[in-house]
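Reproduced below: my_file.cif, with mmCIF, C-alpha atoms.
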```
data_coords
#
loop_
_atom_site.label_atom_id
_atom_site.label_comp_id
_atom_site.auth_asym_id
_atom_site.auth_seq_id
_atom_site.Cartn_x
_atom_site.Cartn_y
_atom_site.Cartn_z
CA MET P 93 -9.73 17.96 22.45
CA SER P 94 -10.64 21.57 23.18
CA ASN P 95 -10.67 24.20 20.48
CA THR P 96 -8.19 26.51 22.22
CA GLN P 97 -7.39 28.53 19.10
CA GLY P 98 -11.00 29.50 18.42
CA TYR P 99 -10.88 27.98 14.94
CA ASP P 100 -13.97 26.42 13.41
CA LEU P 101 -15.36 25.66 9.96
CA PRO P 102 -16.70 29.19 9.28
CA ARG P 103 -13.24 30.57 10.13
CA LEU P 104 -11.62 28.05 7.77
CA LEU P 105 -13.93 29.18 4.97
CA GLU P 106 -12.96 32.79 5.74
CA ILE P 107 -9.26 31.90 5.58
CA MET P 108 -9.80 30.26 2.19
CA ALA P 109 -11.67 33.30 0.87
CA GLN P 110 -8.87 35.56 2.06
CA LEU P 111 -6.24 33.40 0.36
CA ARG P 112 -8.17 33.81 -2.91
CA SER P 113 -8.87 37.52 -2.47
CA PRO P 114 -7.58 39.65 -5.40
CA GLN P 115 -6.70 42.26 -2.79
CA GLY P 116 -3.93 40.86 -0.62
CA GLY P 117 -4.49 37.18 -1.31
CA CYS P 118 -1.79 34.57 -1.90
CA PRO P 119 -0.36 34.64 -5.47
CA TRP P 120 -0.09 30.84 -5.56
CA ASP P 121 -3.67 30.26 -4.41
CA LEU P 122 -4.95 32.86 -6.86
CA LYS P 123 -3.33 31.02 -9.76
CA GLN P 124 -5.06 27.72 -9.02
CA SER P 125 -8.05 26.17 -10.78
CA PHE P 126 -10.11 23.00 -10.37
CA GLN P 127 -7.71 21.20 -12.70
CA THR P 128 -4.48 22.30 -11.00
CA ILE P 129 -5.70 21.34 -7.54
CA VAL P 130 -6.51 17.73 -8.47
CA PRO P 131 -2.92 16.39 -8.12
CA HIS P 132 -2.69 17.96 -4.66
CA THR P 133 -5.99 16.36 -3.66
CA LEU P 134 -4.77 12.92 -4.70
CA GLU P 135 -1.48 13.45 -2.86
CA GLU P 136 -3.27 14.50 0.33
CA ALA P 137 -5.57 11.46 0.16
CA TYR P 138 -2.53 9.19 -0.07
CA GLU P 139 -0.89 10.96 2.85
CA VAL P 140 -4.02 10.29 4.92
CA ALA P 141 -3.83 6.62 3.94
CA ASP P 142 -0.12 6.53 4.82
CA ALA P 143 -0.71 8.04 8.26
CA ILE P 144 -3.36 5.40 8.95
CA GLU P 145 -1.10 2.63 7.60
CA THR P 146 1.71 3.68 9.95
CA GLN P 147 -0.72 4.41 12.82
CA ASP P 148 0.57 7.96 13.04
CA TRP P 149 -2.54 9.24 14.81
CA GLU P 150 -1.06 12.64 15.66
CA GLY P 151 0.04 13.09 12.06
CA LEU P 152 -3.35 11.89 10.82
CA LYS P 153 -5.00 14.92 12.38
CA GLY P 154 -2.89 17.22 10.24
CA GLU P 155 -3.28 15.10 7.11
CA LEU P 156 -7.07 15.09 7.46
CA GLY P 157 -6.90 18.85 7.83
CA ASP P 158 -4.93 19.07 4.59
CA LEU P 159 -7.53 16.90 2.86
CA LEU P 160 -10.38 19.02 4.24
CA PHE P 161 -8.60 22.09 2.90
CA GLN P 162 -8.82 20.57 -0.58
CA VAL P 163 -12.62 20.38 -0.27
CA VAL P 164 -12.73 23.95 1.03
CA PHE P 165 -10.58 25.07 -1.91
CA TYR P 166 -12.96 23.47 -4.42
CA ALA P 167 -15.88 25.08 -2.60
CA GLN P 168 -14.27 28.52 -2.91
CA LEU P 169 -13.59 28.00 -6.61
CA GLY P 170 -17.18 26.87 -7.11
CA LYS P 171 -18.51 29.90 -5.24
CA GLU P 172 -16.40 32.30 -7.29
CA GLN P 173 -17.70 30.78 -10.52
CA GLY P 174 -21.32 30.66 -9.37
CA LEU P 175 -21.40 26.84 -9.51
CA PHE P 176 -21.83 25.86 -5.84
CA ASP P 177 -20.51 26.67 -2.38
CA PHE P 178 -19.57 24.71 0.73
CA ALA P 179 -23.17 24.62 1.95
CA ASP P 180 -24.20 23.00 -1.33
CA ILE P 181 -21.53 20.32 -0.88
CA VAL P 182 -22.74 19.59 2.66
CA ALA P 183 -26.36 19.48 1.49
CA ALA P 184 -25.52 17.11 -1.38
CA VAL P 185 -23.66 14.58 0.76
CA SER P 186 -26.22 14.78 3.59
CA GLU P 187 -29.12 14.11 1.22
CA LYS P 188 -27.26 11.24 -0.40
CA LEU P 189 -26.35 9.59 2.92
CA ILE P 190 -29.93 9.80 4.19
CA ARG P 191 -31.36 8.46 0.93
CA ARG P 192 -28.85 5.60 0.75
CA HIS P 193 -29.46 4.55 4.37
CA PRO P 194 -33.23 4.09 4.65
CA HIS P 195 -32.65 1.45 7.34
CA VAL P 196 -31.18 4.18 9.56
CA PHE P 197 -33.16 7.30 8.63
CA ALA P 198 -36.45 5.68 7.56
CA ASP P 199 -38.31 2.47 8.27
CA ALA P 200 -36.70 0.18 5.67
CA ASP P 201 -35.87 -3.29 6.96
CA LEU P 202 -32.25 -3.93 5.94
CA ASN P 203 -31.02 -6.13 8.74
CA ASP P 204 -27.78 -7.54 7.31
CA GLU P 205 -24.75 -6.28 5.42
CA GLN P 206 -25.75 -7.95 2.14
CA ALA P 207 -29.16 -6.25 2.15
CA VAL P 208 -27.48 -2.90 2.82
CA LYS P 209 -25.08 -3.41 -0.09
CA LEU P 210 -27.91 -4.37 -2.46
CA ASN P 211 -29.89 -1.29 -1.46
CA TRP P 212 -26.79 0.89 -1.89
CA GLU P 213 -26.23 -0.39 -5.42
CA ALA P 214 -29.94 0.03 -6.25
CA GLU P 215 -29.81 3.66 -5.14
CA LYS P 216 -26.68 4.27 -7.19
CA ALA P 217 -28.39 2.70 -10.21
CA LYS P 218 -31.28 5.15 -9.77
CA GLU P 219 -28.78 8.02 -9.63
CA ARG P 220 -27.12 6.86 -12.87
CA ALA P 221 -30.50 6.54 -14.54
CA ALA P 222 -31.43 10.07 -13.46
CA LEU P 223 -28.23 11.28 -15.13
CA ASP P 224 -29.08 9.31 -18.29
CA LYS P 225 -26.23 6.88 -17.67
CA SER P 226 -27.32 3.40 -18.69
CA SER P 227 -24.21 1.28 -18.05
CA VAL P 228 -23.36 -0.05 -14.61
CA LEU P 229 -19.81 1.01 -15.40
CA ASP P 230 -20.74 4.67 -15.81
CA ASP P 231 -19.26 7.14 -13.30
CA ILE P 232 -16.31 4.95 -12.23
CA PRO P 233 -13.56 7.59 -12.03
CA LEU P 234 -10.77 7.23 -14.59
CA ALA P 235 -8.35 8.79 -12.10
CA LEU P 236 -8.65 5.93 -9.60
CA PRO P 237 -5.49 3.86 -9.10
CA ALA P 238 -5.60 1.01 -11.60
CA LEU P 239 -5.94 -1.71 -8.94
CA SER P 240 -8.83 0.07 -7.23
CA ARG P 241 -10.53 0.80 -10.54
CA ALA P 242 -10.23 -2.84 -11.62
CA ALA P 243 -11.87 -3.98 -8.38
CA LYS P 244 -14.62 -1.39 -8.75
CA ILE P 245 -15.33 -2.46 -12.34
CA GLN P 246 -15.56 -6.09 -11.21
CA LYS P 247 -17.84 -5.24 -8.29
CA ARG P 248 -20.19 -3.31 -10.58
CA CYS P 249 -20.33 -6.22 -13.02
CA ALA P 250 -21.07 -8.59 -10.14
CA THR P 251 -24.18 -6.57 -9.22
CA VAL P 252 -25.82 -7.65 -12.50
CA GLY P 253 -24.70 -11.29 -12.21
CA PHE P 254 -21.58 -11.09 -14.40
CA ASP P 255 -19.33 -12.88 -11.93
CA TRP P 256 -18.15 -16.35 -10.97
CA LYS P 257 -19.82 -17.80 -7.90
CA THR P 258 -16.91 -19.99 -6.77
CA LEU P 259 -13.13 -19.62 -6.52
CA GLY P 260 -12.29 -22.44 -8.95
CA PRO P 261 -12.91 -20.55 -12.22
CA VAL P 262 -11.25 -17.43 -10.78
CA VAL P 263 -8.03 -19.34 -10.08
CA ASP P 264 -8.24 -21.18 -13.42
CA LYS P 265 -8.39 -17.82 -15.19
CA ILE P 266 -5.17 -16.71 -13.49
CA HIS P 267 -3.37 -19.86 -14.66
CA GLU P 268 -4.74 -19.30 -18.15
CA GLU P 269 -3.46 -15.72 -18.19
CA ILE P 270 0.00 -16.80 -16.92
CA ASP P 271 0.22 -19.29 -19.78
CA GLU P 272 -0.73 -16.58 -22.28
CA VAL P 273 1.87 -14.17 -20.85
CA MET P 274 4.60 -16.80 -21.14
CA GLU P 275 3.52 -17.79 -24.64
CA GLU P 276 3.97 -14.19 -25.79
CA ALA P 277 7.14 -13.59 -23.75
CA LEU P 278 8.87 -16.68 -25.20
CA MET P 279 8.12 -15.92 -28.85
CA ALA P 280 11.15 -15.77 -31.13
CA ASP P 281 10.05 -12.29 -32.17
CA VAL P 282 8.49 -10.77 -29.06
CA ASP P 283 5.62 -8.35 -29.60
CA GLU P 284 5.99 -6.04 -26.61
CA GLU P 285 2.49 -4.65 -27.03
CA ARG P 286 1.01 -8.15 -26.87
CA VAL P 287 3.10 -8.93 -23.78
CA SER P 288 1.80 -5.77 -22.07
CA ASP P 289 -1.75 -6.68 -23.03
CA GLU P 290 -1.45 -10.17 -21.57
CA LEU P 291 0.22 -8.85 -18.41
CA GLY P 292 -2.72 -6.49 -17.97
CA ASP P 293 -5.12 -9.43 -18.26
CA LEU P 294 -3.09 -11.32 -15.64
CA LEU P 295 -3.20 -8.39 -13.20
CA PHE P 296 -6.93 -7.96 -13.79
CA ALA P 297 -7.52 -11.66 -13.11
CA THR P 298 -5.42 -11.47 -9.94
CA VAL P 299 -7.46 -8.51 -8.71
CA ASN P 300 -10.53 -10.68 -9.24
CA LEU P 301 -9.12 -13.34 -6.90
CA VAL P 302 -8.31 -10.71 -4.28
CA ARG P 303 -11.86 -9.39 -4.54
CA HIS P 304 -13.41 -12.85 -4.29
CA LEU P 305 -11.43 -13.41 -1.09
CA GLY P 306 -12.97 -10.25 0.37
CA LYS P 307 -9.83 -8.13 0.29
CA ASP P 308 -9.05 -4.73 -1.18
CA PRO P 309 -6.28 -5.05 -3.82
CA GLU P 310 -4.85 -1.60 -3.14
CA GLN P 311 -4.52 -2.34 0.59
CA VAL P 312 -3.18 -5.83 -0.03
CA LEU P 313 -0.46 -4.52 -2.33
CA ARG P 314 0.37 -1.68 0.06
CA GLY P 315 0.90 -4.31 2.72
CA ALA P 316 3.10 -6.37 0.42
CA ASN P 317 5.14 -3.29 -0.48
CA ALA P 318 5.65 -2.45 3.19
CA LYS P 319 6.67 -6.03 4.01
CA PHE P 320 9.14 -6.21 1.14
CA GLU P 321 10.65 -2.83 2.03
CA ARG P 322 10.98 -3.82 5.68
CA ARG P 323 12.74 -7.09 4.83
CA PHE P 324 14.97 -5.51 2.17
CA ARG P 325 16.16 -2.92 4.67
CA GLN P 326 17.04 -5.80 6.97
CA VAL P 327 19.03 -7.43 4.18
CA GLU P 328 20.93 -4.15 3.69
CA HIS P 329 21.61 -4.05 7.42
CA PHE P 330 22.92 -7.64 7.51
CA ILE P 331 25.19 -7.09 4.50
CA ALA P 332 26.54 -3.81 5.87
CA ALA P 333 27.22 -5.48 9.24
CA GLU P 334 29.62 -7.81 7.42
CA GLY P 335 31.43 -4.86 5.92
CA LEU P 336 30.13 -5.66 2.44
CA LYS P 337 28.28 -3.78 -0.27
CA MET P 338 25.07 -5.12 -1.78
CA THR P 339 26.50 -4.84 -5.30
CA ASP P 340 29.50 -7.00 -4.37
CA CYS P 341 27.37 -9.92 -3.12
CA SER P 342 26.20 -12.91 -5.13
CA LEU P 343 22.49 -13.57 -5.46
CA GLU P 344 22.94 -16.63 -3.25
CA LYS P 345 24.45 -14.41 -0.53
CA LEU P 346 21.57 -11.94 -0.81
CA ASP P 347 18.99 -14.75 -0.77
CA ALA P 348 20.53 -16.10 2.43
CA ALA P 349 20.27 -12.64 4.01
CA TRP P 350 16.65 -12.43 2.83
CA ASP P 351 15.85 -15.75 4.50
CA LYS P 352 17.50 -14.47 7.67
CA ALA P 353 15.35 -11.33 7.54
CA LYS P 354 12.19 -13.44 7.22
CA GLN P 355 13.24 -15.63 10.13
CA THR P 356 13.97 -12.53 12.24
CA GLU P 357 10.40 -11.28 11.66
CA GLN P 358 8.86 -14.64 12.50
CA SER P 359 10.86 -15.23 15.69
#
```
Encoded form (structure tokens):
Amino acid sequence: MSNTQGYDLPRLLEIMAQLRSPQGGCPWDLKQSFQTIVPHTLEEAYEVADAIETQDWEGLKGELGDLLFQVVFYAQLGKEQGLFDFADIVAAVSEKLIRRHPHVFADADLNDEQAVKLNWEAEKAKERAALDKSSVLDDIPLALPALSRAAKIQKRCATVGFDWKTLGPVVDKIHEEIDEVMEEALMADVDEERVSDELGDLLFATVNLVRHLGKDPEQVLRGANAKFERRFRQVEHFIAAEGLKMTDCSLEKLDAAWDKAKQTEQS
């Protein structure tokens, strides 16, 4: 992978500075702020995840570049406002990585994954204490996708012992939450706010089961979405092959096509 164009990180920083230059810069880039760039950052992160999910390795190169550009943009904004620059960002992450990995960069004896995780959480607790943040739930980003944030909240609570040790109570809680959802949903006078509240509890409990089984809820649901979409497209194909429209078919007809799609995948 030779650098035939002569581009490197210093050149990228120069390009960013030129885009933000009041003399001859890009009008769109000049209008941006920390706040306006955030949605683009989130979008680029999801596009990276999508490229990995679809194993689009050539596309991933470009998507990672787009994500890097977001960091460079923040660095330029920070430099202009006298807050920080790219070198400060690099220094901050380098110091943090070295401090959080004493088994690699020092002589700490952390010889298994569990010990590494415990040390990682201990270091993060020290960081929160230094910032006068006393709760283990401090600094969990509000902007995280709800599934990811739920899992992160649960993981943090688990570090101080607030967690079930076996799967039984986790599954029991899900059944309990299903019963509470149905109790509210079947009321003669349905309170929609109560239904939403109970549905939230059910989703939170389900995330807990996913976490206890060692899976990431965001990835698990992405996989389920992809599987459903793939099979539904097959159903559309089967129905169209019969010269029919989806809206003209009975549910029984569509269910039969769905079963056929599942069998096609498994064969």
(request) Excluding segment 112-120 of chain P and any residue of its chain fewer than 3 positions from it, enumerate the residues within 12 Å of it, using only C-alpha atoms, and give them as a ChimeraX atom specification. (result) /P:105-109,123-125,128-129,164-169,171-172
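The coordinates place atom CA of Cys249 of chain P at 7.6 Å from atom CA of Leu229 of chain P.
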(request) Compile the contact shell of Gly306 of chain P as JSON, numbers by chain: residues with an atom at most 12 Å away, counting all atoms listed in the file, same-chain residues fewer than 5 positions apart removed. (result) {"P": [243, 247, 259, 299, 300, 301, 311, 312]}
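Here atom CA of Leu291 of chain P and atom CA of Ala250 of chain P stand 22.8 Å from one another.
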(request) For each of P:Glu334, P:Glu344, P:Asp289, P:Ala353, take the minimum atom-to-atom distance to Ala277 of chain P, counting all atoms listed in the file, then give the residue where this is smallest. (result) P:Asp289
(request) Kindly give the distance, in Å, that separates atom CA of Gln326 of chain P and atom CA of Glu310 of chain P, rounded to a single decimal. (result) 24.5 Å
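Distances here use all atoms listed in the file; by that measure, the residue among P:Lys153, P:Arg192, P:Arg241, P:His132 closest to Asp308 of chain P is P:Arg241.
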(request) For the structure provided, state which residues fall under the PyMOL selection byres ((chain P and resi 212-216) around 8), and present them as a ChimeraX atom specification. (result) /P:191-193,208-211,217-220,251
(request) For segment 293-296 of chain P, list every protein, DNA or RNA residue within 9 Å, evaluated using only C-alpha atoms, and leave out those in the same chain fewer than 6 positions away; present the list as a list in words. (result) Leu239, Ala242, Ala243, Lys265, Ile266, His267, Glu268, Glu269, Ile270, Glu272 and Val273 of chain P
Segment 134-219 of chain P dumped to file, C-alpha atoms, as a PDB file, in the first residue's frame:
```
ATOM      1  CA  LEU P 134     -22.123   9.913  14.123  1.00  0.00           C
ATOM      2  CA  GLU P 135     -23.090   9.251  10.510  1.00  0.00           C
ATOM      3  CA  GLU P 136     -19.483   8.523   9.521  1.00  0.00           C
ATOM      4  CA  ALA P 137     -19.057   6.136  12.469  1.00  0.00           C
ATOM      5  CA  TYR P 138     -22.134   4.202  11.340  1.00  0.00           C
ATOM      6  CA  GLU P 139     -20.837   4.083   7.780  1.00  0.00           C
ATOM      7  CA  VAL P 140     -17.601   2.560   9.082  1.00  0.00           C
ATOM      8  CA  ALA P 141     -19.638  -0.041  10.967  1.00  0.00           C
ATOM      9  CA  ASP P 142     -21.721  -0.747   7.852  1.00  0.00           C
ATOM     10  CA  ALA P 143     -18.634  -1.263   5.694  1.00  0.00           C
ATOM     11  CA  ILE P 144     -17.290  -3.754   8.231  1.00  0.00           C
ATOM     12  CA  GLU P 145     -20.680  -5.476   8.500  1.00  0.00           C
ATOM     13  CA  THR P 146     -20.813  -5.956   4.714  1.00  0.00           C
ATOM     14  CA  GLN P 147     -17.073  -6.753   4.511  1.00  0.00           C
ATOM     15  CA  ASP P 148     -16.581  -3.919   2.045  1.00  0.00           C
ATOM     16  CA  TRP P 149     -12.859  -3.643   2.737  1.00  0.00           C
ATOM     17  CA  GLU P 150     -12.164  -1.274  -0.159  1.00  0.00           C
ATOM     18  CA  GLY P 151     -15.009   0.966   0.956  1.00  0.00           C
ATOM     19  CA  LEU P 152     -13.835   0.750   4.566  1.00  0.00           C
ATOM     20  CA  LYS P 153     -10.635   2.565   3.644  1.00  0.00           C
ATOM     21  CA  GLY P 154     -12.633   5.555   2.457  1.00  0.00           C
ATOM     22  CA  GLU P 155     -15.054   5.440   5.378  1.00  0.00           C
ATOM     23  CA  LEU P 156     -12.192   5.402   7.891  1.00  0.00           C
ATOM     24  CA  GLY P 157     -10.752   8.386   6.066  1.00  0.00           C
ATOM     25  CA  ASP P 158     -14.060  10.205   6.439  1.00  0.00           C
ATOM     26  CA  LEU P 159     -14.084   9.391  10.157  1.00  0.00           C
ATOM     27  CA  LEU P 160     -10.490  10.587  10.549  1.00  0.00           C
ATOM     28  CA  PHE P 161     -11.478  13.816   8.826  1.00  0.00           C
ATOM     29  CA  GLN P 162     -14.024  14.383  11.601  1.00  0.00           C
ATOM     30  CA  VAL P 163     -11.243  14.219  14.205  1.00  0.00           C
ATOM     31  CA  VAL P 164      -9.097  16.557  12.119  1.00  0.00           C
ATOM     32  CA  PHE P 165     -12.030  18.975  11.833  1.00  0.00           C
ATOM     33  CA  TYR P 166     -12.497  19.047  15.620  1.00  0.00           C
ATOM     34  CA  ALA P 167      -8.752  19.576  16.020  1.00  0.00           C
ATOM     35  CA  GLN P 168      -8.850  22.579  13.682  1.00  0.00           C
ATOM     36  CA  LEU P 169     -11.813  24.072  15.534  1.00  0.00           C
ATOM     37  CA  GLY P 170     -10.008  23.536  18.836  1.00  0.00           C
ATOM     38  CA  LYS P 171      -6.850  25.165  17.498  1.00  0.00           C
ATOM     39  CA  GLU P 172      -8.753  28.200  16.222  1.00  0.00           C
ATOM     40  CA  GLN P 173     -10.386  28.679  19.622  1.00  0.00           C
ATOM     41  CA  GLY P 174      -7.185  28.118  21.584  1.00  0.00           C
ATOM     42  CA  LEU P 175      -8.564  24.965  23.237  1.00  0.00           C
ATOM     43  CA  PHE P 176      -6.327  22.205  21.824  1.00  0.00           C
ATOM     44  CA  ASP P 177      -4.819  21.005  18.558  1.00  0.00           C
ATOM     45  CA  PHE P 178      -4.235  17.653  16.871  1.00  0.00           C
ATOM     46  CA  ALA P 179      -0.986  17.086  18.775  1.00  0.00           C
ATOM     47  CA  ASP P 180      -2.880  17.490  22.045  1.00  0.00           C
ATOM     48  CA  ILE P 181      -5.417  14.876  20.941  1.00  0.00           C
ATOM     49  CA  VAL P 182      -2.629  12.434  20.058  1.00  0.00           C
ATOM     50  CA  ALA P 183      -0.862  13.109  23.364  1.00  0.00           C
ATOM     51  CA  ALA P 184      -4.068  12.592  25.356  1.00  0.00           C
ATOM     52  CA  VAL P 185      -4.938   9.234  23.804  1.00  0.00           C
ATOM     53  CA  SER P 186      -1.318   8.014  23.918  1.00  0.00           C
ATOM     54  CA  GLU P 187      -0.996   8.828  27.620  1.00  0.00           C
ATOM     55  CA  LYS P 188      -4.323   7.174  28.364  1.00  0.00           C
ATOM     56  CA  LEU P 189      -3.477   3.985  26.457  1.00  0.00           C
ATOM     57  CA  ILE P 190      -0.113   3.631  28.191  1.00  0.00           C
ATOM     58  CA  ARG P 191      -1.611   4.289  31.628  1.00  0.00           C
ATOM     59  CA  ARG P 192      -4.491   1.859  31.074  1.00  0.00           C
ATOM     60  CA  HIS P 193      -2.185  -0.930  29.840  1.00  0.00           C
ATOM     61  CA  PRO P 194       0.467  -1.304  32.553  1.00  0.00           C
ATOM     62  CA  HIS P 195       0.801  -4.990  31.634  1.00  0.00           C
ATOM     63  CA  VAL P 196       2.114  -3.912  28.217  1.00  0.00           C
ATOM     64  CA  PHE P 197       4.018  -0.699  28.929  1.00  0.00           C
ATOM     65  CA  ALA P 198       5.086  -1.355  32.539  1.00  0.00           C
ATOM     66  CA  ASP P 199       5.693  -4.379  34.734  1.00  0.00           C
ATOM     67  CA  ALA P 200       2.142  -5.009  35.994  1.00  0.00           C
ATOM     68  CA  ASP P 201       1.134  -8.667  36.037  1.00  0.00           C
ATOM     69  CA  LEU P 202      -2.258  -8.822  34.291  1.00  0.00           C
ATOM     70  CA  ASN P 203      -2.157 -12.222  32.677  1.00  0.00           C
ATOM     71  CA  ASP P 204      -5.800 -12.793  31.746  1.00  0.00           C
ATOM     72  CA  GLU P 205      -8.660 -10.857  30.173  1.00  0.00           C
ATOM     73  CA  GLN P 206     -10.581 -10.488  33.445  1.00  0.00           C
ATOM     74  CA  ALA P 207      -7.597  -8.907  35.193  1.00  0.00           C
ATOM     75  CA  VAL P 208      -7.164  -6.502  32.278  1.00  0.00           C
ATOM     76  CA  LYS P 209     -10.833  -5.493  32.451  1.00  0.00           C
ATOM     77  CA  LEU P 210     -10.664  -4.925  36.216  1.00  0.00           C
ATOM     78  CA  ASN P 211      -7.571  -2.760  35.833  1.00  0.00           C
ATOM     79  CA  TRP P 212      -9.234  -0.822  33.003  1.00  0.00           C
ATOM     80  CA  GLU P 213     -12.277  -0.057  35.147  1.00  0.00           C
ATOM     81  CA  ALA P 214     -10.050   0.896  38.100  1.00  0.00           C
ATOM     82  CA  GLU P 215      -8.165   3.377  35.928  1.00  0.00           C
ATOM     83  CA  LYS P 216     -11.412   4.843  34.633  1.00  0.00           C
ATOM     84  CA  ALA P 217     -12.653   5.192  38.222  1.00  0.00           C
ATOM     85  CA  LYS P 218      -9.492   7.155  39.055  1.00  0.00           C
ATOM     86  CA  GLU P 219     -10.138   9.402  36.055  1.00  0.00           C
TER      87      GLU P 219
END
```
